[in-house]
Structure formats: structure tokens, C-alpha cells
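Visitor: Sharing a structure below in C-alpha cells format, with a few things to ask.
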Amino acid sequence: MLPAERKRTIVRLVTERDGCSVAELAAELDFSKATIRRDLRDLEAEGRIERSHGGAVPSSSVGTERSYDQREVENLDAKRAIAGRASEEIREDHVVFFDAGTTTMEVARAVPETEFVAATNMPELATELSRRDLEVKLTGGTLRARTRALVGPTAEAFLDRTNFDLLVLGTNAVDSTAGLSTPNEDEAAVKSQMVDKASRVVLVADCSKFGERSFVSFADLSAIDLLVTDRSPTGTLAAAFDDAGVTVEGVNE
């Protein structure tokens with residue numbers, strides 16, 4: 001295994017398991033603990049993981065942006081359950097915008113057998129929807145390889161002249177005061193426009209996003225009509241959703 005491949009595997013394992021020890025990684029990858037420790041130092045310097053006592057955990061600062069590949073394997077069962085419920089919100093002849101993201105991709109895979117017009121700022125998601133013989137609109141724009149989302153003036157111009165019955169929205173973080181946030185300013189600008197142009201907003205987010213903040217806020221909780229999650233928020237965040245008039249459904253409860 002080449003060093004670059006080994007490091008990618010380390011990031012994947014740390015992300016999937018929400019942390020790994022040096023001993024676990026050394027045994028699984030069949031490399032010395034010294035080699036794994038060097039890899040962890042390099043990965044931490046690149047912002048891809050955080051070292052902990054005896055191992056590593058996923059990176060968690062407000063400026064951290066995990067790649068699509070990293071996020072794709074996180075909480076997959078929860079995302080699929082969320083997607084099944086969120087897809088029920090799609091109605092015949094609706095115009096539905098699908099935000100770029102791993103959970104919204106699962107919603108695209110779960111769409112019902114009904115005719116509707118789809119739009120998205122994610123080429124891979126557009127391809128998935130096109131397999132259902134749907135009419136699919138793509139925003140255009142600059143592709144961010146890290147998240148596979150289209151952003152920038154072209155994407156914003158598309159959103160400026162269009163309207164949607166339903167928005168299936170993703171987020172990196174959900175906080176009672178910061179609202180919804182994401183690490184990248186360009187993506188935040190596009191997400192904010194999506195929310196403004198939709199008649200109804202369905203947020204799809206697993207509970208690992210709760211109580212977290214990222215670099216740029218793009219919407220208040222009051223902008224959401226329905227939150228579909230795996231486990232409902234509690235405490236201050238639950239109260240904030242209630243005060244904002246958001247309907248919350250936890251599919252695994």
C-alpha cells in the first residue's frame with residue numbers, strides 16, 4: 001500500500017468509526033505504530049483528522065470541511081432512513097430542488113415513482129435523478145471538487161431566476177443560535193438563495209450535526225418547515241426548533 005493510499009484509508013476508518021487508536025490502525029493496515037503515528041501527524045497538519053490520546057478522531061473545527069468521500073460513509077443507515085421519509089414530501093408536478101450533499105443524494109435515490117421536475121447544483125445527483133426519466137435542471141457554475149457542488153455566479157444566476165415548490169436541503173451544522181452553517185462562503189451563498197426561492201424547505205440532517213457550528217451561517221432555523229432526522233434534538237436545540245415553528249420528525253424513534 002502506497003503512503004497516499006494508506007493515509008486515505010486512515011481518514012476513512014477514523015471517519016467511519018468516529019475515532020481509532022494507533023494500535024487498531026497499525027493492526028488493520030499491517031504497518032508499524034511508528035508509521036501510523038507519522039501518518040497521523042501529517043494528516044492532522046493537513047486538517048483531515050485530529051490526533052487524540054493514543055489515536056485520532058475526525059476533524060471538528062468550525063473551518064474544517066470533510067470531503068464528500070469522507071462524509072459519504074458516515075451514518076449511512078441513518079441517512080437512508082431519513083431519505084425514505086423525506087422523499088414522501090415530493091408531489092406530482094412539483095419543482096423540487098436538491099441541494100448538493102450525501103444525505104440529499106440518498107433522497108434522490110429514494111424518490112417516488114411520480115412525475116416532477118428536479119433541479120440541483122450537484123452533477124452526480126443530477127445523473128442519479130436522470131435514471132428515473134425525470135426532467136432535471138442543473139444550475140451550472142464552478143465545481144468544488146471537495147463537495148461536488150456547483151457554486152459561483154452562474155449557479156447564483158440560475159437560482160435568482162427560478163422558484164421551487166420544495167427544497168431538500170443539507171447542512172454541515174445545526175445550532176440553536178447560529179442556525180444552519182457550512183464551512184465555505186461560496187456554498188453558503190448558494191444555499192441561502194435556495195432557501196429564499198423555495199416555498200417549502202425540508203432539512204435532512206442526522207443527529208451528528210446537532211449542536212455544531214461551521215464557519216458561515218446561511219439560514220435561520222425559522223426558514224425550515226420540516227426537519228427529518230434520525231433522532232430528534234433535545235434540550236436547547238429542541239426548544240429553538242419549537243420556538244421557530246419547525247416540525248421535527250425522528251425516523252428512528
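Residue names in the C-alpha cells use chain letters A, B, ... in the order shown, residue numbers from 1 in each chain, and ligand numbers from 1 in the order shown.
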Set the distance at 7 Å and use only C-alpha atoms: which residues neighbour A:Asp93 once local chain neighbours fewer than 6 positions away are removed? I'd like the list as a VMD selection string.
Guide: chain A and resid 115 to 117
Visitor: For the selection you just gave me, I'd like the residues written to a file as a PDB file, in the first residue's frame, keeping all heavy atoms.
Guide:
ATOM      1  N   GLU A 115     -44.144  11.866 -11.438  1.00  0.00           N
ATOM      2  CA  GLU A 115     -43.569  12.845 -12.353  1.00  0.00           C
ATOM      3  C   GLU A 115     -43.371  14.179 -11.649  1.00  0.00           C
ATOM      4  O   GLU A 115     -44.319  14.743 -11.091  1.00  0.00           O
ATOM      5  CB  GLU A 115     -44.481  13.030 -13.567  1.00  0.00           C
ATOM      6  CG  GLU A 115     -44.538  11.816 -14.484  1.00  0.00           C
ATOM      7  CD  GLU A 115     -43.195  11.511 -15.134  1.00  0.00           C
ATOM      8  OE1 GLU A 115     -42.492  12.473 -15.526  1.00  0.00           O
ATOM      9  OE2 GLU A 115     -42.841  10.319 -15.227  1.00  0.00           O
ATOM     10  N   PHE A 116     -42.161  14.671 -11.658  1.00  0.00           N
ATOM     11  CA  PHE A 116     -41.881  16.001 -11.133  1.00  0.00           C
ATOM     12  C   PHE A 116     -40.640  16.536 -11.831  1.00  0.00           C
ATOM     13  O   PHE A 116     -39.905  15.791 -12.477  1.00  0.00           O
ATOM     14  CB  PHE A 116     -41.709  15.988  -9.615  1.00  0.00           C
ATOM     15  CG  PHE A 116     -40.489  15.232  -9.122  1.00  0.00           C
ATOM     16  CD1 PHE A 116     -39.296  15.886  -8.848  1.00  0.00           C
ATOM     17  CD2 PHE A 116     -40.550  13.855  -8.913  1.00  0.00           C
ATOM     18  CE1 PHE A 116     -38.186  15.200  -8.383  1.00  0.00           C
ATOM     19  CE2 PHE A 116     -39.441  13.158  -8.453  1.00  0.00           C
ATOM     20  CZ  PHE A 116     -38.261  13.833  -8.184  1.00  0.00           C
ATOM     21  N   VAL A 117     -40.426  17.837 -11.719  1.00  0.00           N
ATOM     22  CA  VAL A 117     -39.242  18.463 -12.289  1.00  0.00           C
ATOM     23  C   VAL A 117     -38.208  18.623 -11.182  1.00  0.00           C
ATOM     24  O   VAL A 117     -38.523  19.119 -10.096  1.00  0.00           O
ATOM     25  CB  VAL A 117     -39.571  19.832 -12.907  1.00  0.00           C
ATOM     26  CG1 VAL A 117     -38.294  20.513 -13.422  1.00  0.00           C
ATOM     27  CG2 VAL A 117     -40.584  19.678 -14.030  1.00  0.00           C
TER      28      VAL A 117
END
Visitor: So that I can check the secondary structure, give me every residue of stretch 40-121 of chain A assigned alpha helix (DSSP H) by backbone DSSP, as a count of residues only.
Guide: 30
Visitor: If you run DSSP on the backbone here, which positions in stretch 42-233 of chain A get strand (DSSP E)? Please write them as a ChimeraX atom specification.
Guide: /A:49-52,55-58,95-98,117-120,135-138,142-144,149-151,164-169,173-175,179-182,198-204,216-219,226-229
Visitor: Could you please determine the separation between atom CA of A:Pro112 and atom CA of A:Lys79 in Å, to one decimal place?
Guide: 16.7 Å
Visitor: May I ask which of the residues A:Thr103, A:Thr247, A:Ser32, A:Thr142 is the closest one to A:Glu156, counting only C-alpha atoms?
Guide: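 Under the stated criterion, the closest residue is A:Thr142.
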Visitor: At a cut-off of 9 Å, can you tabulate as a Markdown table every residue of stretch 75-189 of chain A near stretch 228-239 of chain A together with its closest atom pair and the distance in Å to one decimal, using only C-alpha atoms and ordering rows by chain then number?
Guide:
| residue | atom | partner | partner_atom | distance |
| --- | --- | --- | --- | --- |
| A:Ala78 | CA | A:Asp230 | CA | 5.7 |
| A:Lys79 | CA | A:Asp230 | CA | 7.7 |
| A:Ala81 | CA | A:Asp230 | CA | 7.3 |
| A:Ile82 | CA | A:Thr229 | CA | 5.7 |
| A:Ala83 | CA | A:Val228 | CA | 8.3 |
| A:Arg85 | CA | A:Val228 | CA | 7.2 |
| A:Ala86 | CA | A:Val228 | CA | 6.5 |
| A:Val174 | CA | A:Leu237 | CA | 8.5 |
| A:Asp175 | CA | A:Leu237 | CA | 6.7 |
| A:Ser176 | CA | A:Leu237 | CA | 4.9 |
| A:Thr177 | CA | A:Leu237 | CA | 8.6 |
Visitor: Rounded to one decimal, what separation in Å do you get between atom CA of A:Glu46 and atom CA of A:Ser208?
Guide: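 Computing the Euclidean distance for atom CA of A:Glu46 and atom CA of A:Ser208 yields 22.8 Å.
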Visitor: Using only C-alpha atoms, which of the listed residues (A:Leu129, A:Ala205, A:Leu180, A:Met194) sits closest to A:Phe218?
Guide: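 Looking at the shortest contact to A:Phe218, the residue is A:Leu180.
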Visitor: Might you pull out every residue within 8 Å of A:Asn163, with only C-alpha atoms counted and same-chain residues fewer than 5 positions away left off, and present them as a ChimeraX atom specification?
Guide: /A:95,197-199
Visitor: Would you mind listing what lies within 12 Å of A:Arg38 as a PyMOL selection string, with only C-alpha atoms counted and same-chain residues fewer than 2 positions away left out?
Guide: chain A and resi 3+6-7+10+22+26+31-36+40-45+51+55-56
Visitor: Nearest residue to A:Ser87 out of A:Thr114, A:Ala149, A:Phe158, A:Lys137, using only C-alpha atoms?
Guide: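 Selected residue with least distance to A:Ser87: A:Thr114.
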Visitor: Mind giving me the straight-line distance from atom CA of A:Val202 to atom CA of A:Arg109 in Å, one decimal?
Guide: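 For atom CA of A:Val202 relative to atom CA of A:Arg109, the distance reads 16.3 Å.
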